[in-house]
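These notes concern the structure reproduced below.
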Protein chains: 2
Amino acid sequence: MRVEIVAVGTELLLGQIADTNSQWLGEQLAAHGISSHYHQHVGDNHDRIVLVLRTALARSDAVIVCGGLGPTQDDITREAIAEVMNVPLERDESQIERIGAFFRARGRTMPPNNLRQADVPRGATVILQARGTAPGLICPLGTKVAYLLPGVPYEMSDMFERAVLPDLLARERATGRRATIVSRVLRTWGASESALADSVATRFSALEGDDRLTIAFLASGIEGIKVRITARGDDEAHARDLLGAEEGRVRAAIAERLGDIVFGVDAQTMETVVADRLVARGLSLAVAESLTGGLIASRLVNVPGASAWFRGGVVSYATAVKHDVLDVPEGPVVSEPAARAMASGVRRLLGADVALAVTGVAGPEEQDGQPVGTVVVGLDDGHDVTARTLQLAGDRPRIRAYAAISALDVLRRALDRSGA
Amino acid sequence: MRVEIVAVGTELLLGQIADTNSQWLGEQLAAHGISSHYHQHVGDNHDRIVLVLRTALARSDAVIVCGGLGPTQDDITREAIAEVMNVPLERDESQIERIGAFFRARGRTMPPNNLRQADVPRGATVILQARGTAPGLICPLGTKVAYLLPGVPYEMSDMFERAVLPDLLARERATGRRATIVSRVLRTWGASESALADSVATRFSALEGDDRLTIAFLASGIEGIKVRITARGDDEAHARDLLGAEEGRVRAAIAERLGDIVFGVDAQTMETVVADRLVARGLSLAVAESLTGGLIASRLVNVPGASAWFRGGVVSYATAVKHDVLDVPEGPVVSEPAARAMASGVRRLLGADVALAVTGVAGPEEQDGQPVGTVVVGLDDGHDVTARTLQLAGDRPRIRAYAAISALDVLRRALDRSGA
């Protein structure tokens, strides 16, 4: 199976938005061992969408089309695929009902424009919408197939996982060429990509020419670097055995050179890992934030069940707030004494077992004689009050984001140590 | 001139890196009024690069190819274009000299691999490298042309501005069809895409068949819906006149049907708009957040110069924190009285002129008998204390993100009213 991705939208051609959909889909297909040789972008123009779809179907077995399923006049992907399939569009009553229900649930009436989203090319199958109004479509074209998905990433990814991927895998199995591919992502924080690559250099060399195991690095911006290990086996058990053994070797190689930088695997995030440890220990948490301005609290609140262990936080952005609300003593506010006082202050104010505090200089100017990128993390666990100074690099939003995940990493390591 | 962009590299297909080059080039071409109807991505495979180049040359007048000009075995764009041109590659002695000088300047000797970068298809012109080792190439193909640029963004952008853009503009002038394109994005919050489309339906109809003005909608997920107006004029002044007049008509049509939903233009965000109004009025702000958990504060802190007007906030996630820290009276915490008390409590605690508060139910379960998606925004401006209940839809992260921008929108409208 060779799958081509087509992203529709004039805004992509004009560079007004980044095509994150093709990137995400490419990653998903690769993770499942499905080949993808081409991507295309095309604007909201009927004849050009038709041409792009024909080009894609001539050189690929399946096409995933993202975008152009909305309710407005410039959403014309449905019409284009109907022309390529050489079939009429038919209005699907059950979809009209579903779209109407979506609006009713929000106390609104369906605008007439949205009726177009119930149009289905004859012979196509609907992929039900779970998150918006536009249904997806599975459109057979002889032995080939086109999947039409909405351009909104959050709707697209849901439909891909729920309907497109299972259909693609079933088609692959039908060809009899399907090996089982499993993968595991190790999530790291605190090492550079080159240091990480050095630490597993021996594994890289050992796997050269091995077509069953591969190691790849994915830099994930502010979320650290991911190491993806992929194993290809004759069946699921075989693939999992290969993967498990290699994961052990990679983890050992990283730990030997870089210590405890693997904070989680696969979909785990720094905050879910911290949450698991707090829940296991029965501890509640409060945070005091200066330069991160609520970023840490908002990450923590995103963890389902946060109300069981998260008390809340204080964003002490103005210096006077640090003094008046958190009892931080007079003196420089970007300092270890200030970070410790912030932690103790918020722990007392919000009645938490453990408190994390962050202060620092996001820039553009230095503060308290400290250079841009200086970040101080304070921690009060009810017994000890500690602080640690970090030096982070980047522009203002990067320093703030790095400070948030770095502070959570300090808490993770502290919980691991005290729990030993 | 219709220009197609081709990005070469298997890492793009695998989703390991984002294709920022096509986005940047798309933006540049649009800014100079040059049409671009298609983009393609292809991996490091000779036959597939050849196919993609032939496809591009069949449907476009010029092709900009990024990537595959490096020194390693998988850099094969030079070979592919030579096949498409049906000419041999010839090693250019002056390029060998330049590449060697690049290495000598860094105290290194040129690896033999780099000799390949001096290969030039017969008939092509070299674009000199100013920032790395790979020269670019201008490859004539009958009346059409292919530009080969390195994939490194910093080398690519330099060559585009220095050699490709001037060549494209000269070709456009030769056709006599040169126009200037300008655009304006209106940013809206609070209407559905279809309601917005309904409101400007008369403008859509009026512009049908008009090749100088276009209107498009961009759904930007949690950031609302953008309306882009694009004008094509004989020169900059003419294009700006057309754009200004159409912007007035579109704004009037939206305001008539949907009221004050346009909160900003182009790069403005809800928080920069709120910040501008606070600065203009000399007011300081504090926030109290429950379900948004710091999201509002972290958006506000991202505005440069926030320390001039942002005091900070309290994330009162646990109910006890609402009572103890913000003096919220006993009773249901998802309610207008609780939201008002949160606003007044944080205004007092942090000593701000104006305070914004948000409480609500992000789910998955209902709370205080209120369904998931119920969000109450409280506002204390030092004179009046008000609250407003909203009903938002989506999963947990969406409801939280919508609640944050909705609350800021409530503040924006209040500042506009009281400032009148």
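Residues in the structure tokens are named by chain (A, B, ... in the order shown) and by number from 1 within that chain; ligands are numbered from 1 in the order shown.
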
- Could you give me, as a PyMOL selection string, the residues within 10 Å of stretch 41-57 of chain A, counting only C-alpha atoms and dropping anything in the same chain fewer than 6 positions from it? (chain A and resi 3-14+19+22+63-68+73-85+141+144-146) or (chain B and resi 4-5+22+36-41+52+55+59+216)

- Hey, what's within 9 Å of stretch 108-118 of chain A if we count only C-alpha atoms and toss same-chain stuff fewer than 2 positions away? As a list of chain:residue names, please? A:Leu69, A:Gly70, A:Pro71, A:Thr72, A:Gln73, A:Arg78, A:Glu90, A:Arg91, A:Asp92, A:Glu93, A:Ser94, A:Gln95, A:Ile96, A:Ile99, A:Gly100, A:Ala101, A:Phe102, A:Phe103, A:Arg104, A:Ala105, A:Arg106, A:Val120, A:Thr133, A:Ala134, A:Pro135, B:Ser194, B:Ala195, B:Ala197, B:Asp198

- Task: Would you kindly return, as a PyMOL selection string, each protein, DNA or RNA residue with an atom no farther than 8 Å from any atom of stretch 328-340 of chain B, considering only C-alpha atoms and excluding same-chain residues fewer than 4 positions away?
- Result: chain B and resi 319+322-324+344-345+357-361+367-368+370+374-380+385-389

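The residue that comes closest to A:Ile138, out of A:Leu169, A:Ala62, A:Ala191, A:Val346 and on the basis of only C-alpha atoms, is A:Ala62.
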
- Using DSSP on the backbone coordinates, identify all residues within stretch 51-288 of chain A classified as strand (DSSP E or B); present the result as a PyMOL selection string. chain A and resi 62-66+89-91+119-121+125-127+136-141+144-149+180-188+213-219+225-233+262-265+285-288

Extract, using only C-alpha atoms, all DNA, RNA and protein residues at most 8 Å from A:Asp353, discarding same-chain residues fewer than 6 positions from it, and format them as a PDB file with N, CA and C atoms, in the first residue's frame.
```
ATOM      1  N   LEU A 283      -0.306  12.677  47.879  1.00  0.00           N
ATOM      2  CA  LEU A 283       0.119  14.053  48.183  1.00  0.00           C
ATOM      3  C   LEU A 283      -0.648  15.068  47.343  1.00  0.00           C
ATOM      4  N   SER A 284      -0.928  16.233  47.947  1.00  0.00           N
ATOM      5  CA  SER A 284      -1.536  17.321  47.176  1.00  0.00           C
ATOM      6  C   SER A 284      -0.467  18.351  46.821  1.00  0.00           C
ATOM      7  N   LEU A 285      -0.738  19.124  45.730  1.00  0.00           N
ATOM      8  CA  LEU A 285       0.272  20.034  45.174  1.00  0.00           C
ATOM      9  C   LEU A 285      -0.296  21.438  44.975  1.00  0.00           C
ATOM     10  N   ALA A 286       0.530  22.436  45.232  1.00  0.00           N
ATOM     11  CA  ALA A 286       0.216  23.825  44.873  1.00  0.00           C
ATOM     12  C   ALA A 286       1.413  24.404  44.125  1.00  0.00           C
ATOM     13  N   ARG A 347       2.414  27.044  49.555  1.00  0.00           N
ATOM     14  CA  ARG A 347       2.050  25.804  50.241  1.00  0.00           C
ATOM     15  C   ARG A 347       1.157  26.118  51.446  1.00  0.00           C
ATOM     16  N   ASP A 381       8.502  20.465  50.349  1.00  0.00           N
ATOM     17  CA  ASP A 381       7.766  19.198  50.453  1.00  0.00           C
ATOM     18  C   ASP A 381       7.228  18.981  51.868  1.00  0.00           C
ATOM     19  N   GLY A 382       7.235  20.042  52.680  1.00  0.00           N
ATOM     20  CA  GLY A 382       6.714  19.924  54.039  1.00  0.00           C
ATOM     21  C   GLY A 382       7.802  19.563  55.034  1.00  0.00           C
TER      22      GLY A 382
END
```

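The gap separating atom CA of B:Glu208 from atom CA of B:Ala231 is 13.7 Å, in Å to one decimal.
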
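For the choices B:Thr143, B:Val250, B:Gly233, B:Val227, the atom-to-atom distance to chain A is smallest for B:Val227 when using only C-alpha atoms.
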
- Query: When DSSP works through the backbone of this structure, what residues of stretch 83-303 of chain B end up as alpha helix (DSSP H), shown as a PyMOL selection string?
  - Reply: chain B and resi 83-85+93-105+153-159+165-175+193-199+201-207+236-258+270-281+295-301

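Interatomic distance, atom CA of B:Ala355 against atom CA of B:Gly313: 9.1 Å.
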
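The space separating atom CA of B:Pro397 from atom CA of B:Ile296 comes to 13.4 Å.
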